[in-house]
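K.L.:
start_16.pdb is reproduced below (PDB, C-alpha atoms and all ligand atoms).
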ATOM      1  CA  MET U 285       9.436   0.073  26.204
ATOM      2  CA  PHE U 286       9.320  -3.400  24.682
ATOM      3  CA  GLU U 287       6.782  -2.088  22.203
ATOM      4  CA  ILE U 288       9.022   0.819  21.168
ATOM      5  CA  LYS U 289      12.012  -1.515  20.717
ATOM      6  CA  TYR U 290       9.888  -3.856  18.636
ATOM      7  CA  CYS U 291       8.628  -0.963  16.520
ATOM      8  CA  VAL U 292      12.211   0.225  15.870
ATOM      9  CA  LEU U 293      13.164  -3.345  14.869
ATOM     10  CA  LEU U 294      10.179  -3.607  12.527
ATOM     11  CA  LEU U 295      10.950  -0.195  11.074
ATOM     12  CA  SER U 296      14.568  -1.219  10.355
ATOM     13  CA  LEU U 297      13.414  -4.465   8.764
ATOM     14  CA  SER U 298      10.874  -2.586   6.667
ATOM     15  CA  LEU U 299      13.669  -0.553   5.110
ATOM     16  CA  LEU U 300      15.900  -3.578   4.476
ATOM     17  CA  VAL U 301      13.633  -6.168   2.901
ATOM     18  CA  PRO U 302      14.048  -6.223  -0.905
ATOM     19  CA  TYR U 303      11.507  -8.899  -1.752
ATOM     20  CA  ILE U 304       9.135  -9.464  -4.625
ATOM     21  CA  SER U 305       6.434 -12.081  -4.217
ATOM     22  CA  THR U 306       6.188 -14.847  -6.793
ATOM     23  CA  SER U 307       4.254 -18.100  -6.580
ATOM     24  CA  ASP U 308       4.463 -21.597  -8.061
ATOM     25  CA  GLY U 309       1.868 -20.832 -10.749
ATOM     26  CA  ASP U 310       3.522 -17.767 -12.255
ATOM     27  CA  LYS U 311       7.005 -19.317 -11.972
ATOM     28  CA  SER U 312       5.978 -22.367 -14.045
ATOM     29  CA  PRO U 313       7.518 -22.520 -17.567
ATOM     30  CA  PHE U 314       4.058 -23.245 -19.023
ATOM     31  CA  TYR U 315       2.654 -19.975 -17.652
ATOM     32  CA  GLN U 316       5.723 -17.983 -18.644
ATOM     33  CA  LYS U 317       5.653 -19.306 -22.247
ATOM     34  CA  CYS U 318       1.893 -18.710 -22.494
ATOM     35  CA  LEU U 319       2.270 -15.150 -21.225
ATOM     36  CA  GLN U 320       5.060 -14.319 -23.660
ATOM     37  CA  LYS U 321       3.131 -15.795 -26.589
ATOM     38  CA  CYS U 322      -0.082 -13.994 -25.618
ATOM     39  CA  LYS U 323       1.688 -10.647 -25.295
ATOM     40  CA  ASN U 324       3.506 -11.081 -28.622
ATOM     41  CA  PHE U 325       0.227 -11.864 -30.328
ATOM     42  CA  ASN U 326      -2.136  -9.339 -28.679
ATOM     43  CA  CYS U 327      -0.143  -6.451 -27.209
ATOM     44  CA  THR U 328       1.839  -3.673 -28.858
ATOM     45  CA  LEU U 329       5.353  -2.848 -27.649
ATOM     46  CA  ASP U 330       4.008  -0.138 -25.304
ATOM     47  CA  GLY U 331       1.551  -2.588 -23.697
ATOM     48  CA  GLU U 332      -1.641  -1.512 -25.520
ATOM     49  CA  PHE U 333      -4.029  -3.936 -27.258
ATOM     50  CA  THR U 334      -3.526  -4.490 -30.963
ATOM     51  CA  ALA U 335      -6.562  -3.296 -32.971
ATOM     52  CA  GLU U 336      -7.762  -6.885 -33.412
ATOM     53  CA  ALA U 337      -7.357  -7.813 -29.718
ATOM     54  CA  ALA U 338      -9.111  -4.607 -28.551
ATOM     55  CA  LYS U 339     -12.263  -5.655 -30.422
ATOM     56  CA  GLN U 340     -12.373  -8.937 -28.484
ATOM     57  CA  GLN U 341     -12.174  -7.442 -24.985
ATOM     58  CA  GLU U 342     -15.369  -7.601 -22.887
ATOM     59  CA  LEU U 343     -16.937  -4.218 -22.113
ATOM     60  CA  SER U 344     -16.900  -4.859 -18.327
ATOM     61  CA  ALA U 345     -13.179  -5.687 -18.456
ATOM     62  CA  TRP U 346     -12.522  -2.525 -20.456
ATOM     63  CA  LEU U 347     -14.499  -0.446 -17.905
ATOM     64  CA  LEU U 348     -12.415  -1.896 -15.058
ATOM     65  CA  VAL U 349      -9.195  -1.065 -16.944
ATOM     66  CA  TRP U 350      -7.916  -4.563 -17.696
ATOM     67  CA  LYS U 351      -4.827  -3.791 -19.757
ATOM     68  CA  CYS U 352      -3.363  -6.085 -22.398
ATOM     69  CA  GLU U 353      -0.829  -7.768 -20.080
ATOM     70  CA  ASP U 354      -3.529  -8.159 -17.366
ATOM     71  CA  GLU U 355      -5.766  -9.993 -19.828
ATOM     72  CA  CYS U 356      -2.866 -12.237 -20.887
ATOM     73  CA  ARG U 357      -2.012 -12.992 -17.255
ATOM     74  CA  TYR U 358      -5.647 -13.862 -16.521
ATOM     75  CA  HIS U 359      -6.100 -16.148 -19.502
ATOM     76  CA  CYS U 360      -2.693 -17.830 -19.058
ATOM     77  CA  MET U 361      -3.419 -18.302 -15.359
ATOM     78  CA  TRP U 362      -6.508 -20.362 -16.189
ATOM     79  CA  ARG U 363      -4.734 -22.321 -18.919
ATOM     80  CA  THR U 364      -1.995 -23.155 -16.395
ATOM     81  CA  VAL U 365      -4.558 -24.143 -13.720
ATOM     82  CA  GLN U 366      -6.194 -26.435 -16.272
ATOM     83  CA  GLY U 367      -2.796 -28.052 -16.971
ATOM     84  CA  TYR U 368      -2.167 -28.561 -13.243
ATOM     85  CA  ILE U 369      -5.626 -30.146 -12.748
ATOM     86  CA  GLU U 370      -5.164 -32.484 -15.732
ATOM     87  CA  ARG U 371      -1.875 -33.731 -14.225
ATOM     88  CA  GLY U 372      -3.451 -34.158 -10.774
ATOM     89  CA  TYR U 373      -1.359 -31.397  -9.148
ATOM     90  CA  ASN U 374      -2.657 -29.027  -6.483
ATOM     91  CA  ILE U 375      -3.991 -25.678  -7.732
ATOM     92  CA  PRO U 376      -1.120 -23.156  -7.505
ATOM     93  CA  LYS U 377      -1.121 -19.478  -6.550
ATOM     94  CA  PHE U 378      -0.170 -16.772  -9.056
ATOM     95  CA  HIS U 379       1.678 -13.644  -7.918
ATOM     96  CA  GLY U 380       0.753 -14.476  -4.312
ATOM     97  CA  LYS U 381      -2.945 -15.099  -4.992
ATOM     98  CA  TRP U 382      -5.273 -17.988  -5.684
ATOM     99  CA  PRO U 383      -6.928 -18.049  -9.126
ATOM    100  CA  PHE U 384     -10.491 -16.624  -9.218
ATOM    101  CA  ARG U 385     -13.056 -16.483 -12.019
ATOM    102  CA  ARG U 386     -13.798 -12.838 -12.637
ATOM    103  CA  ILE U 387     -17.416 -11.642 -12.820
ATOM    104  CA  LEU U 388     -18.220  -8.528 -14.880
ATOM    105  CA  GLY U 389     -14.530  -7.618 -14.799
ATOM    106  CA  VAL U 390     -14.408  -7.907 -10.976
ATOM    107  CA  GLN U 391     -11.235  -9.853 -10.266
ATOM    108  CA  GLU U 392     -12.097 -11.423  -6.881
ATOM    109  CA  PRO U 393     -15.901 -11.248  -6.688
ATOM    110  CA  ALA U 394     -16.330 -12.924  -3.268
ATOM    111  CA  SER U 395     -13.775 -10.729  -1.469
ATOM    112  CA  ALA U 396     -15.076  -7.584  -3.229
ATOM    113  CA  PHE U 397     -18.652  -8.418  -2.172
ATOM    114  CA  ALA U 398     -17.594  -9.118   1.447
ATOM    115  CA  SER U 399     -15.633  -5.831   1.540
ATOM    116  CA  VAL U 400     -18.694  -3.865   0.368
ATOM    117  CA  LEU U 401     -20.739  -5.650   3.054
ATOM    118  CA  ASN U 402     -18.240  -4.572   5.736
ATOM    119  CA  LEU U 403     -18.315  -1.000   4.391
ATOM    120  CA  TRP U 404     -22.119  -0.950   4.492
ATOM    121  CA  ILE U 405     -22.234  -2.201   8.105
ATOM    122  CA  HIS U 406     -19.667   0.397   9.228
ATOM    123  CA  MET U 407     -21.759   3.116   7.509
ATOM    124  CA  LYS U 408     -24.926   1.839   9.201
ATOM    125  CA  MET U 409     -23.338   1.817  12.672
ATOM    126  CA  TYR U 410     -21.683   5.204  12.066
ATOM    127  CA  LYS U 411     -25.120   6.637  11.221
ATOM    128  CA  ARG U 412     -26.407   5.381  14.588
ATOM    129  CA  ILE U 413     -23.557   7.186  16.361
ATOM    130  CA  ILE U 414     -24.158  10.431  14.420
ATOM    131  CA  THR U 415     -27.883  10.289  15.209
ATOM    132  CA  GLU U 416     -27.519   9.675  18.940
ATOM    133  CA  PHE U 417     -24.452  11.713  19.919
ATOM    134  CA  PRO U 418     -24.178  15.416  19.082
ATOM    135  CA  LEU U 419     -20.667  16.771  18.629
ATOM    136  CA  ASP U 420     -20.902  19.407  21.373
ATOM    137  CA  ASP U 421     -22.398  17.190  24.057
ATOM    138  CA  THR U 422     -20.425  13.935  24.077
ATOM    139  CA  PRO U 423     -16.930  13.203  25.416
ATOM    140  CA  MET U 424     -14.596  11.465  22.881
ATOM    141  CA  ILE U 425     -17.145  11.753  20.082
ATOM    142  CA  MET U 426     -14.712  13.414  17.645
ATOM    143  CA  PHE U 427     -12.332  10.514  18.129
ATOM    144  CA  TRP U 428     -14.999   7.980  17.126
ATOM    145  CA  HIS U 429     -15.883  10.051  14.050
ATOM    146  CA  TRP U 430     -12.227   9.802  13.012
ATOM    147  CA  PHE U 431     -12.172   6.079  13.780
ATOM    148  CA  ALA U 432     -15.294   5.351  11.715
ATOM    149  CA  TRP U 433     -13.904   7.272   8.725
ATOM    150  CA  VAL U 434     -10.593   5.356   8.910
ATOM    151  CA  CYS U 435     -12.531   2.055   8.852
ATOM    152  CA  MET U 436     -14.922   3.068   6.055
ATOM    153  CA  ASN U 437     -11.976   4.279   3.971
ATOM    154  CA  ALA U 438     -10.150   0.967   4.543
ATOM    155  CA  TRP U 439     -13.148  -1.119   3.410
ATOM    156  CA  LEU U 440     -13.663   1.107   0.379
ATOM    157  CA  TRP U 441     -10.085   0.441  -0.753
ATOM    158  CA  SER U 442     -10.415  -3.244   0.113
ATOM    159  CA  ALA U 443     -13.410  -3.410  -2.247
ATOM    160  CA  ALA U 444     -11.495  -1.474  -4.935
ATOM    161  CA  PHE U 445      -8.450  -3.755  -4.634
ATOM    162  CA  HIS U 446     -10.455  -6.988  -4.791
ATOM    163  CA  ALA U 447     -12.419  -5.586  -7.728
ATOM    164  CA  ARG U 448      -9.214  -4.710  -9.588
ATOM    165  CA  ASP U 449      -5.691  -5.518  -8.475
ATOM    166  CA  THR U 450      -3.380  -2.744  -9.642
ATOM    167  CA  PHE U 451      -0.254  -1.323  -8.036
ATOM    168  CA  PHE U 452      -2.201   1.617  -6.609
ATOM    169  CA  THR U 453      -5.257  -0.316  -5.323
ATOM    170  CA  GLU U 454      -2.941  -2.879  -3.727
ATOM    171  CA  PHE U 455      -0.945  -0.148  -2.016
ATOM    172  CA  MET U 456      -4.131   1.567  -0.781
ATOM    173  CA  ASP U 457      -5.648  -1.715   0.443
ATOM    174  CA  TYR U 458      -2.534  -2.691   2.411
ATOM    175  CA  ALA U 459      -1.872   0.808   3.757
ATOM    176  CA  CYS U 460      -5.534   1.389   4.740
ATOM    177  CA  ALA U 461      -5.910  -2.092   6.282
ATOM    178  CA  LEU U 462      -2.978  -1.290   8.579
ATOM    179  CA  SER U 463      -4.522   2.122   9.327
ATOM    180  CA  MET U 464      -7.671   0.318  10.565
ATOM    181  CA  VAL U 465      -5.656  -2.116  12.722
ATOM    182  CA  MET U 466      -3.620   0.759  14.191
ATOM    183  CA  ALA U 467      -6.787   2.854  14.705
ATOM    184  CA  LEU U 468      -8.110   0.081  16.947
ATOM    185  CA  LEU U 469      -4.867   0.153  18.962
ATOM    186  CA  ILE U 470      -5.011   3.977  19.126
ATOM    187  CA  ALA U 471      -8.667   3.720  20.231
ATOM    188  CA  ALA U 472      -7.585   1.517  23.161
ATOM    189  CA  ILE U 473      -4.836   3.989  24.100
ATOM    190  CA  ALA U 474      -7.219   6.961  23.766
ATOM    191  CA  ARG U 475      -9.897   5.328  25.923
ATOM    192  CA  ILE U 476      -7.470   4.093  28.597
ATOM    193  CA  THR U 477      -5.746   7.484  28.907
ATOM    194  CA  TYR U 478      -8.902   9.584  28.470
ATOM    195  CA  LEU U 479      -9.261  10.361  32.175
ATOM    196  CA  ARG U 480      -5.596  10.051  33.227
ATOM    197  CA  GLY U 481      -2.302  10.043  31.290
ATOM    198  CA  ARG U 482      -3.303  11.882  28.116
ATOM    199  CA  VAL U 483       0.238  13.210  27.512
ATOM    200  CA  LEU U 484       1.714   9.700  27.649
ATOM    201  CA  GLY U 485      -1.102   8.467  25.385
ATOM    202  CA  ALA U 486      -0.456  11.279  22.877
ATOM    203  CA  GLY U 487       3.291  10.454  22.876
ATOM    204  CA  VAL U 488       2.658   6.792  22.030
ATOM    205  CA  VAL U 489       0.188   7.793  19.303
ATOM    206  CA  VAL U 490       2.820  10.080  17.704
ATOM    207  CA  LEU U 491       5.313   7.159  17.665
ATOM    208  CA  LEU U 492       2.680   4.917  16.082
ATOM    209  CA  ALA U 493       1.925   7.561  13.449
ATOM    210  CA  LEU U 494       5.646   7.796  12.603
ATOM    211  CA  TYR U 495       5.887   4.037  12.254
ATOM    212  CA  TYR U 496       2.771   4.013  10.105
ATOM    213  CA  ALA U 497       4.251   6.647   7.757
ATOM    214  CA  ALA U 498       7.455   4.573   7.413
ATOM    215  CA  HIS U 499       5.505   1.379   6.703
ATOM    216  CA  ALA U 500       3.252   3.119   4.159
ATOM    217  CA  ARG U 501       6.428   4.349   2.421
ATOM    218  CA  TYR U 502       7.736   0.772   2.366
ATOM    219  CA  LEU U 503       4.442  -0.457   0.874
ATOM    220  CA  TYR U 504       4.613   2.244  -1.793
ATOM    221  CA  SER U 505       8.073   1.008  -2.819
ATOM    222  CA  GLY U 506       6.198  -1.845  -4.528
ATOM    223  CA  ARG U 507       8.553  -4.501  -3.105
ATOM    224  CA  ILE U 508       6.149  -5.953  -0.582
ATOM    225  CA  ASP U 509       6.983  -8.998   1.503
ATOM    226  CA  TYR U 510       3.420 -10.187   2.111
ATOM    227  CA  ASP U 511       4.349 -12.372   5.105
ATOM    228  CA  TYR U 512       6.207  -9.520   6.728
ATOM    229  CA  ASN U 513       3.305  -7.137   6.141
ATOM    230  CA  MET U 514       0.950  -9.693   7.681
ATOM    231  CA  LYS U 515       3.214  -9.982  10.749
ATOM    232  CA  VAL U 516       3.158  -6.193  11.174
ATOM    233  CA  ASN U 517      -0.667  -6.248  11.084
ATOM    234  CA  ILE U 518      -0.822  -9.159  13.529
ATOM    235  CA  PHE U 519       1.629  -7.455  15.898
ATOM    236  CA  PHE U 520      -0.353  -4.196  16.105
ATOM    237  CA  GLY U 521      -3.652  -6.110  16.152
ATOM    238  CA  ALA U 522      -2.383  -8.198  19.110
ATOM    239  CA  CYS U 523      -1.190  -5.048  20.946
ATOM    240  CA  GLY U 524      -4.657  -3.461  20.486
ATOM    241  CA  SER U 525      -6.473  -6.638  21.564
ATOM    242  CA  ALA U 526      -4.272  -7.063  24.655
ATOM    243  CA  LEU U 527      -4.875  -3.434  25.736
ATOM    244  CA  TRP U 528      -8.643  -3.637  25.172
ATOM    245  CA  LEU U 529      -8.903  -6.964  27.046
ATOM    246  CA  TRP U 530      -6.845  -5.632  29.972
ATOM    247  CA  TRP U 531      -9.043  -2.518  30.168
ATOM    248  CA  ALA U 532     -12.281  -4.526  29.807
ATOM    249  CA  ALA U 533     -11.211  -6.903  32.621
ATOM    250  CA  ARG U 534     -10.597  -3.925  34.922
ATOM    251  CA  ARG U 535     -13.947  -2.321  34.005
ATOM    252  CA  TRP U 536     -16.021  -5.517  34.134
ATOM    253  CA  ALA U 537     -17.266  -5.133  37.723
ATOM    254  CA  ALA U 538     -18.410  -1.522  37.174
ATOM    255  CA  ALA U 539     -19.525  -1.653  33.552
ATOM    256  CA  ARG U 540     -20.966  -4.934  32.275
ATOM    257  CA  TYR U 541     -21.415  -3.541  28.759
ATOM    258  CA  VAL U 542     -17.721  -4.245  28.079
ATOM    259  CA  TRP U 543     -18.680  -7.892  27.364
ATOM    260  CA  ARG U 544     -19.184  -6.865  23.730
ATOM    261  CA  LEU U 545     -15.584  -5.678  23.597
ATOM    262  CA  GLY U 546     -14.423  -9.072  24.911
ATOM    263  CA  ALA U 547     -16.588 -10.902  22.363
ATOM    264  CA  PHE U 548     -15.325  -8.630  19.570
ATOM    265  CA  THR U 549     -11.677  -9.320  20.481
ATOM    266  CA  ALA U 550     -12.162 -13.092  20.792
ATOM    267  CA  LEU U 551     -14.032 -13.337  17.481
ATOM    268  CA  SER U 552     -11.457 -11.141  15.701
ATOM    269  CA  ALA U 553      -8.710 -13.574  16.771
ATOM    270  CA  LEU U 554     -10.797 -16.590  15.729
ATOM    271  CA  PHE U 555     -11.554 -15.131  12.298
ATOM    272  CA  LEU U 556      -7.915 -14.180  11.792
ATOM    273  CA  ALA U 557      -6.938 -17.827  12.398
ATOM    274  CA  MET U 558      -9.274 -18.692   9.516
ATOM    275  CA  GLU U 559      -7.461 -16.186   7.265
ATOM    276  CA  LEU U 560      -4.079 -17.736   8.178
ATOM    277  CA  TRP U 561      -5.391 -21.163   7.182
ATOM    278  CA  ASP U 562      -5.128 -19.991   3.544
ATOM    279  CA  PHE U 563      -6.880 -22.754   1.564
ATOM    280  CA  ALA U 564      -7.554 -22.774  -2.177
ATOM    281  CA  PRO U 565     -10.923 -21.315  -3.312
ATOM    282  CA  ARG U 566     -14.058 -23.442  -3.146
ATOM    283  CA  LEU U 567     -17.000 -22.114  -5.187
ATOM    284  CA  GLY U 568     -15.060 -18.845  -5.534
ATOM    285  CA  TRP U 569     -14.476 -18.398  -1.777
ATOM    286  CA  ASP U 570     -10.977 -18.746  -0.354
ATOM    287  CA  ALA U 571      -9.871 -18.217   3.268
ATOM    288  CA  HIS U 572      -9.348 -14.485   2.666
ATOM    289  CA  ALA U 573     -12.838 -13.947   1.219
ATOM    290  CA  LEU U 574     -14.435 -15.940   4.057
ATOM    291  CA  TRP U 575     -12.438 -13.888   6.541
ATOM    292  CA  HIS U 576     -13.818 -10.671   5.044
ATOM    293  CA  LEU U 577     -17.323 -12.187   5.155
ATOM    294  CA  ALA U 578     -16.912 -13.187   8.810
ATOM    295  CA  THR U 579     -15.538  -9.775   9.862
ATOM    296  CA  ALA U 580     -18.828  -8.217   8.713
ATOM    297  CA  ALA U 581     -20.255  -9.509  12.030
ATOM    298  CA  LEU U 582     -17.715  -7.519  14.054
ATOM    299  CA  PRO U 583     -18.575  -3.799  13.586
ATOM    300  CA  GLY U 584     -22.056  -4.398  15.081
ATOM    301  CA  LEU U 585     -20.455  -5.693  18.306
ATOM    302  CA  PHE U 586     -17.754  -3.052  18.488
ATOM    303  CA  TYR U 587     -19.883   0.008  17.703
ATOM    304  CA  ARG U 588     -22.553  -1.125  20.177
ATOM    305  CA  PHE U 589     -19.827  -1.223  22.802
ATOM    306  CA  VAL U 590     -18.775   2.297  21.680
ATOM    307  CA  ILE U 591     -22.396   3.495  21.936
ATOM    308  CA  ASP U 592     -22.731   2.087  25.478
ATOM    309  CA  ASP U 593     -19.400   3.623  26.449
ATOM    310  CA  LEU U 594     -20.343   7.045  25.034
ATOM    311  CA  ARG U 595     -23.614   6.919  26.998
ATOM    312  CA  HIS U 596     -21.609   6.015  30.110
ATOM    313  CA  LEU U 597     -19.122   8.882  29.580
ATOM    314  CA  ARG U 598     -21.953  11.346  28.958
ATOM    315  CA  GLN U 599     -23.765  10.300  32.146
ATOM    316  CA  SER U 600     -20.533  10.466  34.166
ATOM    317  CA  ARG U 601     -19.871  13.977  32.925
ATOM    318  CA  ALA U 602     -23.473  15.058  33.652
ATOM    319  CA  LYS U 603     -23.073  13.779  37.246
ATOM    320  CA  MET U 604     -19.796  15.668  37.651
ATOM    321  CA  ASP U 605     -21.409  18.860  36.280
ATOM    322  CA  LEU U 606     -24.211  18.527  38.847
ATOM    323  CA  LYS U 607     -21.672  18.392  41.694
ATOM    324  CA  LEU U 608     -19.966  21.579  40.504
ATOM    325  CA  PRO U 609     -21.171  24.780  42.205
TER     326      PRO U 609
HETATM  327 ZN    ZN D   1      -8.731  -8.367   1.420
END
For the structure just supplied, provide its representation as structure tokens.
Ligand SMILES: [Zn+2]
P.N.:
Amino acid sequence: MFEIKYCVLLLSLSLLVPYISTSDGDKSPFYQKCLQKCKNFNCTLDGEFTAEAAKQQELSAWLLVWKCEDECRYHCMWRTVQGYIERGYNIPKFHGKWPFRRILGVQEPASAFASVLNLWIHMKMYKRIITEFPLDDTPMIMFWHWFAWVCMNAWLWSAAFHARDTFFTEFMDYACALSMVMALLIAAIARITYLRGRVLGAGVVVLLALYYAAHARYLYSGRIDYDYNMKVNIFFGACGSALWLWWAARRWAAARYVWRLGAFTALSALFLAMELWDFAPRLGWDAHALWHLATAALPGLFYRFVIDDLRHLRQSRAKMDLKLP
């Protein structure tokens, strides 16, 4: 009940918050003047490169669709950072992000690399599940197929967003990241209610899906309050973790393999604390990139728990079938 009330509150807030994120760096007069000058000099009125400026763009940047204003923002960002360093100020954020040196047009190379690593590990573990568990012979297997696809999709869009920050890749990254967090909560509900209480479980999942649709709509409005979005992710992540831990504690005596679930939940919380630390990049790695790098260790733990649990469910069903006349 508390959860439903909280969801309704979050949903109402999500429709009310008219907020656009700015940061110290992009608010500074130096950056603003630089941006205006750069655009006047290099961009046409409809935002395209002038013929002269187009010749100077790197091929990799052109391939990753860096538009004229994007290029101006990037170059003015670094000129502003230089000014801050020369005056002994702390490095500022720009439009909610730390400044990163792009590599081959990739805007945030460390986070993009770590996202691809996460995607690869999910694919590897998903292949193990496909190989071992046939569709017609394993309880809950279809659910885990869905779960793995939700996660792989989320990491794909995370990689796309960190490679190139556009309105659409940002929307997809934020919407798909929440889908992965909520999939973990739904997985807990599905597993807990698998033997008893499926109707109640299905009802809660429908409510979660409705909330998700409303939040995705809010994200698509383009007026994202990043702190609020983070709180939504933390709330659903905490709900999922609490449910999994409660279930694992109850199962511990009968099924020792749940230790991996406990380790997965504890490490997820620890790594998230690192993300919330939010320090400026060192050698191209900020807290967010390191968080993505650290989370690459998690799918191995979680999917190995899933594999053990699927084996357990299959054996339990085989025993029940033997008892039937
Ligand atoms: Zn990210």
K.L.:
Step by step, measure atom-to-atom distances between ligand ZN 1 (chain D) and each residue using all atoms listed in the file, keep those at most 10 Å, then write them as a list of chain:residue names.
P.N.:
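Protein and nucleic-acid residues within 10 Å of ligand ZN 1 (chain D): U:Glu392, U:Ser395, U:Ala396, U:Ala398, U:Ser399, U:Ala438, U:Trp439, U:Trp441, U:Ser442, U:Ala443, U:Ala444, U:Phe445, U:His446, U:Glu454, U:Asp457, U:Tyr458, U:Ala461, U:Glu559, U:His572, U:Ala573, U:Leu574, U:Trp575, U:His576.
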K.L.:
List as a list in words the protein and nucleic acid residues near range 372-374 of chain U, meaning an atom at most 12 Å away when only C-alpha atoms are counted, but skip any in the same chain fewer than 3 places from it.
P.N.:
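Within the cut-off, the hits are Asp308, Gly309, Thr364, Val365, Gln366, Gly367, Tyr368, Ile369, Lys377, Trp382, Phe563, Ala564 and Pro565 of chain U.
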K.L.:
Applied to this file, what does the PyMOL selection byres (((chain U and resi 517) around 10) and not hetatm) return in terms of residues, put as a PyMOL selection string?
P.N.:
chain U and resi 458+461-466+511-516+518-523
K.L.:
For range 551-563 of chain U, take all atoms listed in the file, fit an axis-aligned box around them, add 4 Å to each of the six sides, then output centre and edge lengths in Å rounded to one decimal, as AutoDock Vina command-line options.
P.N.:
--center_x -9.1 --center_y -16.9 --center_z 9.5 --size_x 18.0 --size_y 19.6 --size_z 23.9
K.L.:
As a VMD selection string, please: the residues near Glu342 in chain U (cut-off 12 Å, all atoms listed in the file, same-chain neighbours under 2 positions excluded).
P.N.:
chain U and resid 337 to 340 344 to 351 355 386 to 390
K.L.:
Residues picked by the PyMOL selection byres (((chain U and resi 532-536) around 12) and not hetatm) here, as a CSV table (one decimal) with C-alpha atoms, in the frame of the given file?
P.N.:
chain,number,residue,atom,x,y,z
U,472,ALA,CA,-7.6,1.5,23.2
U,475,ARG,CA,-9.9,5.3,25.9
U,476,ILE,CA,-7.5,4.1,28.6
U,525,SER,CA,-6.5,-6.6,21.6
U,526,ALA,CA,-4.3,-7.1,24.7
U,527,LEU,CA,-4.9,-3.4,25.7
U,528,TRP,CA,-8.6,-3.6,25.2
U,529,LEU,CA,-8.9,-7.0,27.0
U,530,TRP,CA,-6.8,-5.6,30.0
U,531,TRP,CA,-9.0,-2.5,30.2
U,537,ALA,CA,-17.3,-5.1,37.7
U,538,ALA,CA,-18.4,-1.5,37.2
U,539,ALA,CA,-19.5,-1.7,33.6
U,540,ARG,CA,-21.0,-4.9,32.3
U,541,TYR,CA,-21.4,-3.5,28.8
U,542,VAL,CA,-17.7,-4.2,28.1
U,543,TRP,CA,-18.7,-7.9,27.4
U,544,ARG,CA,-19.2,-6.9,23.7
U,545,LEU,CA,-15.6,-5.7,23.6
U,546,GLY,CA,-14.4,-9.1,24.9
U,547,ALA,CA,-16.6,-10.9,22.4
U,548,PHE,CA,-15.3,-8.6,19.6
U,549,THR,CA,-11.7,-9.3,20.5
U,589,PHE,CA,-19.8,-1.2,22.8
U,593,ASP,CA,-19.4,3.6,26.4
U,596,HIS,CA,-21.6,6.0,30.1
K.L.:
Report, in Å to a single decimal, how far apart CA of Ala467 in chain U and CA of Ile413 in chain U are.
P.N.:
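Answer for the CA of Ile413 in chain U to CA of Ala467 in chain U separation: 17.4 Å.
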K.L.:
Do you have the CA of Lys411 in chain U-CA of Arg598 in chain U distance handy?
P.N.:
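Distance reported for this atom pair: 18.6 Å.
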K.L.:
Point out the residue among U:Arg482, U:Gly568, U:Phe314, U:Ala578 with the least atom-to-atom distance to Leu556 in chain U, counting all atoms listed in the file.
P.N.:
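That would be U:Ala578, the residue with the smallest distance to Leu556 in chain U.
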K.L.:
Can you tell me, as a VMD selection string, which residues sit within 12 Å of (-23.6, 15.3, 21.7) in the file's frame, using all atoms listed in the file?
P.N.:
chain U and resid 413 to 426 591 594 to 595 597 to 599 601 to 602
K.L.:
For this structure, which residues satisfy the selection - the PyMOL selection byres (((chain U and resi 489) around 10) and not hetatm) - when it is evaluated on the file as given? I want them as a ChimeraX atom specification.
P.N.:
/U:466-467,469-471,473-474,483-488,490-495
K.L.:
Using only C-alpha atoms, please write the residues we just selected to a file, as a CSV table (one decimal), in the coordinates of the input.
P.N.:
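Everything below was put into part_30.csv:
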chain,number,residue,atom,x,y,z
U,466,MET,CA,-3.6,0.8,14.2
U,467,ALA,CA,-6.8,2.9,14.7
U,469,LEU,CA,-4.9,0.2,19.0
U,470,ILE,CA,-5.0,4.0,19.1
U,471,ALA,CA,-8.7,3.7,20.2
U,473,ILE,CA,-4.8,4.0,24.1
U,474,ALA,CA,-7.2,7.0,23.8
U,483,VAL,CA,0.2,13.2,27.5
U,484,LEU,CA,1.7,9.7,27.6
U,485,GLY,CA,-1.1,8.5,25.4
U,486,ALA,CA,-0.5,11.3,22.9
U,487,GLY,CA,3.3,10.5,22.9
U,488,VAL,CA,2.7,6.8,22.0
U,490,VAL,CA,2.8,10.1,17.7
U,491,LEU,CA,5.3,7.2,17.7
U,492,LEU,CA,2.7,4.9,16.1
U,493,ALA,CA,1.9,7.6,13.4
U,494,LEU,CA,5.6,7.8,12.6
U,495,TYR,CA,5.9,4.0,12.3
